[in-house]
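These notes are about the structure you will find just below.
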Amino acid sequence: MREIDRLTTERNGIPSLVLMENAATATARAVAEHLGGGVAGKSILVLCGCGNNGGDGAATARLLALAGARVDVVLLGRIEDARGDARTNFESVQNPASGSSVKFFECRSDDDWNALRDNELRNHDLTKPYAIVVDALFGTGLTRPLEGVHKEAVSYLRRLREPAEEGDSSVAAVISIDVPSGLNSDSAQPIGEAVHADVTVAMTAPKVANVLPPASGYNGKLIVADIGSPVEIIQEAGSRLFVSEAGDARRWLVQTRYTPESYKNTHGHVLVIAGSRGFTGAAALCGNAAMRSGAGLVTVATPASAQPVVAAQVMPEVMTASLAETDRGAVSDLAEGYVLKLTEHAEVVAIGPGLSWEDDRTRNLVRSVVERRETAVVIDADGLNCLAPWPAALRGSGDLPVILTPHMGEMLRLMGADDKSALDDRVAVAREFAVAHEVIVVLKGTRSLIAAPDGRVFVNPTGNAGLGTAGAGDTLTGIIAGFLAQAYATLRSDADALEAIIAALYIGGLAGDLAAQEIGMRTMVASDIREHLGAAICTLDPEGEMPR
């Protein structure tokens, strides 16, 4: 971010002070929106450090005061310790224009802070109660835990957010600038005491701590503010970590819109190889989700003894096929020839949900389907277990991509690891595995990740805890397979598997969010996600879903 700011100033002639003013404008706007549109007459506390983040806070205070707020600015440090634009803004609020409603307090020592805090408790100097506290202590430069007066200030903020008694409505909301103070912006792991914000305004682009859990849990609502840096300079930064946005999913939906001439064959055929005796629900959930996602045709191929049950569970539009099975009712490698014949009519194969993996014959079939594939293959659940640890010689390709959709436990097995600490850095794990084996890895969990063979990783921001329910993974596999089938059938040689997967995760998570809004997270089941796919798609591309 420092390099982006520098290049913005050098190439585009935008002074750094203007960038700071733009950051303050974005923050002041967030404060006003949180208060319902206006700040006049509201009491606001701005806590500042001596760095540029504090300078953003001081400029924010000035703008809020001009809009009619009563603003207390507390600098934890001395103005003479600040430099550049930050110092300019501190001096501006220390000596405000006549009539300005800004009070400036400089805490040069721990004793100064303690005295100020005690005065506030006795309501002597500071204005209270506060409607909003702006956290401008530390931005992107912090790499070690807070200590001393800064740690005390964060503890003070936590107390301000706690009701004094039941029913107390005077609790202050906290709005952090860039990242909640106390977090290392480059890390998903909290490094110590940190601010729990209600809103975080990230400048130019989100930081790692803004989007990856558990650190992202400190951010509250995340707003990404454009402060003037051109897109070209941001792209030149060479980031390999991205956040999926609604626009990504919308663009894919527009590319694959139904046309007046389209019909089932132009929307793609999904072959699902799934299920076993006693584990038929996973196969049905996967097939139904693929159908509901917009695929034109879906066939669920399942062991012969499971086929009647699966046929009774799937939607009437979903076809089924029976496969040779083991004595335990799992698919056998004797079915290989028939399976390969079925794949001839499919754009994509999904394999694994409810498949079982205890028999060598089942594992042999899964390996053969992947090795001899003529389509993209999505591997989930027991399909992954059948291939764990992942064979070094088994690789994906651009023309025939292999998509893995593990949860954390399955990822450990694919890696051949036992210690959960191997997954501490999920981004690095997903990226390294995808690059090493030329596969696309969808690492499921809170903020699921999509890792591409070229090293890029995409964070999916949609979804909620209600999606952690039985069958949600099978449903997601069906959505991914359905989107891939549509892409390959509609776009043909122009189809991009990664774009389809990004859209599938975003829309699947959005469907879960819409389901939660309607019925809550607690009672959500996997089929609720499927049944809200249409609403999610219409939310993103309403024009494309209406007949012409």
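Here's how to read the names in the structure tokens: chain A, B, ... by the order shown, residue numbers from 1 in each chain, ligand numbers from 1 in the order shown.
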
Considering only C-alpha atoms, return as a short mmCIF file (atom, residue, chain, number, x, y, z; two decimals) with N, CA, C and O atoms, in the first residue's frame whatever protein or nucleic-acid residues lie within 6 Å of segment 257-271 of chain A, sequence-local ones (same chain, fewer than 2 positions apart) excluded.
```cif
data_model
loop_
_atom_site.label_atom_id
_atom_site.label_comp_id
_atom_site.auth_asym_id
_atom_site.auth_seq_id
_atom_site.Cartn_x
_atom_site.Cartn_y
_atom_site.Cartn_z
N LEU A 253 -22.53 -14.68 -14.91
CA LEU A 253 -23.95 -14.89 -15.22
C LEU A 253 -24.32 -14.25 -16.55
O LEU A 253 -25.07 -14.82 -17.34
N VAL A 254 -23.80 -13.05 -16.79
CA VAL A 254 -24.10 -12.36 -18.05
C VAL A 254 -23.53 -13.15 -19.23
O VAL A 254 -24.18 -13.32 -20.27
N GLN A 255 -22.31 -13.67 -19.06
CA GLN A 255 -21.68 -14.43 -20.14
C GLN A 255 -22.46 -15.71 -20.48
O GLN A 255 -22.43 -16.16 -21.63
N ALA A 295 -27.85 -26.29 -14.89
CA ALA A 295 -27.41 -27.28 -15.88
C ALA A 295 -28.62 -27.81 -16.64
O ALA A 295 -29.72 -27.93 -16.10
N GLY A 296 -28.39 -28.16 -17.91
CA GLY A 296 -29.50 -28.63 -18.72
C GLY A 296 -29.88 -30.07 -18.43
O GLY A 296 -31.06 -30.44 -18.49
N LEU A 297 -28.89 -30.89 -18.12
CA LEU A 297 -29.10 -32.31 -17.86
C LEU A 297 -28.20 -32.74 -16.71
O LEU A 297 -27.06 -32.28 -16.59
N VAL A 298 -28.72 -33.61 -15.87
CA VAL A 298 -27.93 -34.16 -14.77
C VAL A 298 -28.22 -35.65 -14.67
O VAL A 298 -29.38 -36.07 -14.65
N THR A 299 -27.15 -36.45 -14.61
CA THR A 299 -27.26 -37.89 -14.38
C THR A 299 -26.49 -38.25 -13.13
O THR A 299 -25.32 -37.87 -13.00
N ALA A 346 -21.13 -35.98 -21.23
CA ALA A 346 -21.13 -34.96 -20.18
C ALA A 346 -20.10 -33.88 -20.45
O ALA A 346 -19.07 -34.13 -21.09
N GLU A 347 -20.40 -32.67 -19.96
CA GLU A 347 -19.41 -31.57 -20.00
C GLU A 347 -18.52 -31.58 -18.77
O GLU A 347 -17.41 -31.04 -18.80
N VAL A 348 -19.00 -32.16 -17.68
CA VAL A 348 -18.22 -32.18 -16.45
C VAL A 348 -18.64 -33.39 -15.62
O VAL A 348 -19.80 -33.83 -15.69
N VAL A 349 -17.70 -33.93 -14.86
CA VAL A 349 -17.96 -35.06 -13.97
C VAL A 349 -17.69 -34.62 -12.54
O VAL A 349 -16.66 -34.00 -12.26
N ALA A 485 -20.55 -26.98 -16.18
CA ALA A 485 -21.24 -27.54 -17.34
C ALA A 485 -21.83 -26.44 -18.21
O ALA A 485 -21.74 -26.48 -19.45
N GLN A 486 -22.43 -25.43 -17.58
CA GLN A 486 -22.99 -24.32 -18.34
C GLN A 486 -21.91 -23.55 -19.07
O GLN A 486 -22.09 -23.14 -20.23
N ALA A 489 -20.63 -25.67 -22.06
CA ALA A 489 -21.64 -25.83 -23.10
C ALA A 489 -21.94 -24.51 -23.80
O ALA A 489 -22.17 -24.47 -25.02
N THR A 490 -21.93 -23.42 -23.05
CA THR A 490 -22.30 -22.12 -23.60
C THR A 490 -21.11 -21.41 -24.25
O THR A 490 -21.20 -20.90 -25.36
#
```

Neighbouring residues of Ala388 of chain A were defined as those with any atom within 10 Å, considering only C-alpha atoms; residues of the same chain fewer than 4 positions away were excluded. Please report them as an MDAnalysis selection string.
chainID A and resid 363 382:384 410:416

Which residue of A:Leu423, A:Val272, A:Ala172, A:Ala26 approaches Pro353 of chain A most closely, using only C-alpha atoms
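Result for the nearest residue to Pro353 of chain A: A:Val272.
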
Determine, counting only C-alpha atoms, which protein, DNA and RNA residues have an atom within 6 Å of an atom of segment 434-444 of chain A; residues of the same chain fewer than 2 positions away are not included. Present the result as a list in words.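 Close residues of segment 434-444 of chain A: Arg395, Gly396, Val402, Ile403, Leu404, Thr405, Pro406, His407, Arg431, Glu432, Ser448, Leu449, Ile450, Ala451, Ala452, Pro453 and Gly455 of chain A.
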
Practice prompt. May I ask which of the residues A:Met319, A:Asp198, A:Leu484, A:Leu45 is the closest one to Asp496 of chain A, counting only C-alpha atoms?
Written response: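 Answer, going by the shortest atom-to-atom distance: A:Leu484.
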
Quiz prompt | DSSP-assigned strand (DSSP E or B) among segment 238-354 of chain A, expressed as a list of chain:residue names | solution = A:Leu241, A:Phe242, A:Val243, A:His269, A:Val270, A:Leu271, A:Val272, A:Ile273, A:Ser276, A:Phe279, A:Leu297, A:Val298, A:Thr299, A:Val300, A:Ala301, A:Thr302, A:Pro303, A:Met319, A:Thr320, A:Ala321, A:Ser322, A:Leu323, A:Glu325, A:Val331, A:Val348, A:Val349, A:Ala350, A:Ile351

Could you list, as an MDAnalysis selection string, every residue within 10 Å of Trp357 of chain A, counting only C-alpha atoms and ignoring same-chain residues fewer than 3 positions away? chainID A and resid 330:331 352 354 360:364 366 381:387

Residues from the last selection, N, CA, C and O atoms, saved as a PDB file, in the first residue's frame:
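And here is the file that came out, selection11.pdb:
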```pdb
ATOM      1  N   ALA A 330     -20.616 -50.377  -2.533  1.00  0.00           N
ATOM      2  CA  ALA A 330     -19.899 -49.220  -3.046  1.00  0.00           C
ATOM      3  C   ALA A 330     -19.557 -49.469  -4.511  1.00  0.00           C
ATOM      4  O   ALA A 330     -19.488 -50.611  -4.967  1.00  0.00           O
ATOM      5  N   VAL A 331     -19.338 -48.415  -5.272  1.00  0.00           N
ATOM      6  CA  VAL A 331     -19.049 -48.565  -6.686  1.00  0.00           C
ATOM      7  C   VAL A 331     -17.733 -49.332  -6.868  1.00  0.00           C
ATOM      8  O   VAL A 331     -16.772 -49.166  -6.111  1.00  0.00           O
ATOM      9  N   GLY A 352     -17.596 -38.372  -5.874  1.00  0.00           N
ATOM     10  CA  GLY A 352     -17.180 -38.476  -4.485  1.00  0.00           C
ATOM     11  C   GLY A 352     -18.217 -38.460  -3.398  1.00  0.00           C
ATOM     12  O   GLY A 352     -18.079 -39.195  -2.414  1.00  0.00           O
ATOM     13  N   GLY A 354     -20.633 -39.303  -0.722  1.00  0.00           N
ATOM     14  CA  GLY A 354     -21.228 -40.548  -0.241  1.00  0.00           C
ATOM     15  C   GLY A 354     -20.705 -41.799  -0.911  1.00  0.00           C
ATOM     16  O   GLY A 354     -21.324 -42.863  -0.825  1.00  0.00           O
ATOM     17  N   ASP A 360     -10.392 -51.143  -2.189  1.00  0.00           N
ATOM     18  CA  ASP A 360      -9.442 -50.820  -3.252  1.00  0.00           C
ATOM     19  C   ASP A 360     -10.133 -50.655  -4.597  1.00  0.00           C
ATOM     20  O   ASP A 360      -9.704 -49.857  -5.430  1.00  0.00           O
ATOM     21  N   ARG A 361     -11.224 -51.410  -4.808  1.00  0.00           N
ATOM     22  CA  ARG A 361     -11.903 -51.342  -6.100  1.00  0.00           C
ATOM     23  C   ARG A 361     -12.576 -49.978  -6.305  1.00  0.00           C
ATOM     24  O   ARG A 361     -12.617 -49.462  -7.430  1.00  0.00           O
ATOM     25  N   THR A 362     -13.066 -49.402  -5.234  1.00  0.00           N
ATOM     26  CA  THR A 362     -13.629 -48.050  -5.334  1.00  0.00           C
ATOM     27  C   THR A 362     -12.528 -47.040  -5.590  1.00  0.00           C
ATOM     28  O   THR A 362     -12.659 -46.153  -6.439  1.00  0.00           O
ATOM     29  N   ARG A 363     -11.435 -47.177  -4.879  1.00  0.00           N
ATOM     30  CA  ARG A 363     -10.310 -46.254  -5.067  1.00  0.00           C
ATOM     31  C   ARG A 363      -9.752 -46.368  -6.487  1.00  0.00           C
ATOM     32  O   ARG A 363      -9.393 -45.364  -7.105  1.00  0.00           O
ATOM     33  N   ASN A 364      -9.688 -47.583  -6.989  1.00  0.00           N
ATOM     34  CA  ASN A 364      -9.185 -47.774  -8.357  1.00  0.00           C
ATOM     35  C   ASN A 364     -10.073 -47.066  -9.379  1.00  0.00           C
ATOM     36  O   ASN A 364      -9.586 -46.467 -10.347  1.00  0.00           O
ATOM     37  N   VAL A 366     -12.029 -44.392  -8.897  1.00  0.00           N
ATOM     38  CA  VAL A 366     -11.848 -42.941  -8.798  1.00  0.00           C
ATOM     39  C   VAL A 366     -10.559 -42.521  -9.500  1.00  0.00           C
ATOM     40  O   VAL A 366     -10.548 -41.568 -10.295  1.00  0.00           O
ATOM     41  N   ALA A 381     -15.284 -35.044  -1.096  1.00  0.00           N
ATOM     42  CA  ALA A 381     -15.627 -36.026  -0.061  1.00  0.00           C
ATOM     43  C   ALA A 381     -14.840 -37.323  -0.237  1.00  0.00           C
ATOM     44  O   ALA A 381     -13.611 -37.303  -0.244  1.00  0.00           O
ATOM     45  N   ASP A 382     -15.545 -38.447  -0.380  1.00  0.00           N
ATOM     46  CA  ASP A 382     -14.856 -39.735  -0.461  1.00  0.00           C
ATOM     47  C   ASP A 382     -14.032 -39.878  -1.729  1.00  0.00           C
ATOM     48  O   ASP A 382     -13.113 -40.696  -1.784  1.00  0.00           O
ATOM     49  N   GLY A 383     -14.349 -39.103  -2.763  1.00  0.00           N
ATOM     50  CA  GLY A 383     -13.480 -39.088  -3.934  1.00  0.00           C
ATOM     51  C   GLY A 383     -12.086 -38.604  -3.568  1.00  0.00           C
ATOM     52  O   GLY A 383     -11.075 -39.132  -4.051  1.00  0.00           O
ATOM     53  N   LEU A 384     -12.030 -37.595  -2.700  1.00  0.00           N
ATOM     54  CA  LEU A 384     -10.742 -37.105  -2.220  1.00  0.00           C
ATOM     55  C   LEU A 384     -10.058 -38.136  -1.335  1.00  0.00           C
ATOM     56  O   LEU A 384      -8.845 -38.371  -1.439  1.00  0.00           O
ATOM     57  N   ASN A 385     -10.837 -38.750  -0.450  1.00  0.00           N
ATOM     58  CA  ASN A 385     -10.264 -39.760   0.443  1.00  0.00           C
ATOM     59  C   ASN A 385      -9.703 -40.935  -0.342  1.00  0.00           C
ATOM     60  O   ASN A 385      -8.709 -41.551   0.071  1.00  0.00           O
ATOM     61  N   CYS A 386     -10.339 -41.275  -1.471  1.00  0.00           N
ATOM     62  CA  CYS A 386      -9.836 -42.366  -2.300  1.00  0.00           C
ATOM     63  C   CYS A 386      -8.462 -42.046  -2.891  1.00  0.00           C
ATOM     64  O   CYS A 386      -7.706 -42.958  -3.256  1.00  0.00           O
ATOM     65  N   LEU A 387      -8.140 -40.773  -3.003  1.00  0.00           N
ATOM     66  CA  LEU A 387      -6.876 -40.360  -3.631  1.00  0.00           C
ATOM     67  C   LEU A 387      -5.867 -39.821  -2.620  1.00  0.00           C
ATOM     68  O   LEU A 387      -4.828 -39.281  -3.004  1.00  0.00           O
TER      69      LEU A 387
END
```

Pull the closest atom pair for each residue of segment 260-328 of chain A that gets at most 9 Å from segment 516-527 of chain A, along with the distance in Å to one decimal, counting only C-alpha atoms, ordering rows by chain and then ascending residue number, as a Markdown table.
```
| residue | atom | partner | partner_atom | distance |
| --- | --- | --- | --- | --- |
| A:Leu285 | CA | A:Ser527 | CA | 7.2 |
| A:Asn288 | CA | A:Ser527 | CA | 8.7 |
| A:Ala289 | CA | A:Ser527 | CA | 8.2 |
```

Could you write out that same residue set with N, CA and C atoms as a PDB file, in the first residue's frame?
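Saved file again_26.pdb follows:
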```
ATOM      1  N   LEU A 285     -28.375 -34.872  -3.018  1.00  0.00           N
ATOM      2  CA  LEU A 285     -28.135 -33.444  -2.793  1.00  0.00           C
ATOM      3  C   LEU A 285     -27.249 -32.865  -3.883  1.00  0.00           C
ATOM      4  N   ASN A 288     -29.251 -32.803  -7.269  1.00  0.00           N
ATOM      5  CA  ASN A 288     -30.305 -31.787  -7.235  1.00  0.00           C
ATOM      6  C   ASN A 288     -29.728 -30.377  -7.328  1.00  0.00           C
ATOM      7  N   ALA A 289     -28.607 -30.132  -6.654  1.00  0.00           N
ATOM      8  CA  ALA A 289     -27.984 -28.810  -6.705  1.00  0.00           C
ATOM      9  C   ALA A 289     -27.475 -28.502  -8.105  1.00  0.00           C
TER      10      ALA A 289
END
```

**Asked** Excluding same-chain residues fewer than 4 positions from His34 of chain A, what lies within 9 Å of it counting only C-alpha atoms, as a list in words?
**Response**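 In the requested form, the answer reads Arg29, Ala30, Gly38, Ile132, Ala173 and Val199 of chain A.
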
Preceding selection exported with N, CA, C and O atoms as an mmCIF file, in the first residue's frame:
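File again_15.cif, as written:
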```
data_model
loop_
_atom_site.group_PDB
_atom_site.id
_atom_site.type_symbol
_atom_site.label_atom_id
_atom_site.label_comp_id
_atom_site.auth_asym_id
_atom_site.auth_seq_id
_atom_site.Cartn_x
_atom_site.Cartn_y
_atom_site.Cartn_z
ATOM 1 N N ARG A 29 -17.778 9.734 5.940
ATOM 2 C CA ARG A 29 -19.003 9.263 5.284
ATOM 3 C C ARG A 29 -19.513 8.002 5.971
ATOM 4 O O ARG A 29 -20.722 7.846 6.202
ATOM 5 N N ALA A 30 -18.607 7.095 6.330
ATOM 6 C CA ALA A 30 -19.009 5.868 7.026
ATOM 7 C C ALA A 30 -19.617 6.179 8.390
ATOM 8 O O ALA A 30 -20.578 5.534 8.816
ATOM 9 N N GLY A 38 -26.534 11.639 9.326
ATOM 10 C CA GLY A 38 -26.071 12.942 9.798
ATOM 11 C C GLY A 38 -25.299 12.836 11.095
ATOM 12 O O GLY A 38 -25.507 11.916 11.887
ATOM 13 N N ILE A 132 -20.120 7.583 18.516
ATOM 14 C CA ILE A 132 -19.141 6.875 17.679
ATOM 15 C C ILE A 132 -17.751 7.108 18.252
ATOM 16 O O ILE A 132 -17.433 8.205 18.720
ATOM 17 N N ALA A 173 -20.489 2.963 19.038
ATOM 18 C CA ALA A 173 -20.026 2.110 17.950
ATOM 19 C C ALA A 173 -18.602 2.512 17.602
ATOM 20 O O ALA A 173 -18.213 3.681 17.743
ATOM 21 N N VAL A 199 -17.458 -1.207 12.254
ATOM 22 C CA VAL A 199 -17.222 -0.921 10.839
ATOM 23 C C VAL A 199 -15.730 -0.688 10.655
ATOM 24 O O VAL A 199 -15.087 -0.051 11.501
#
```
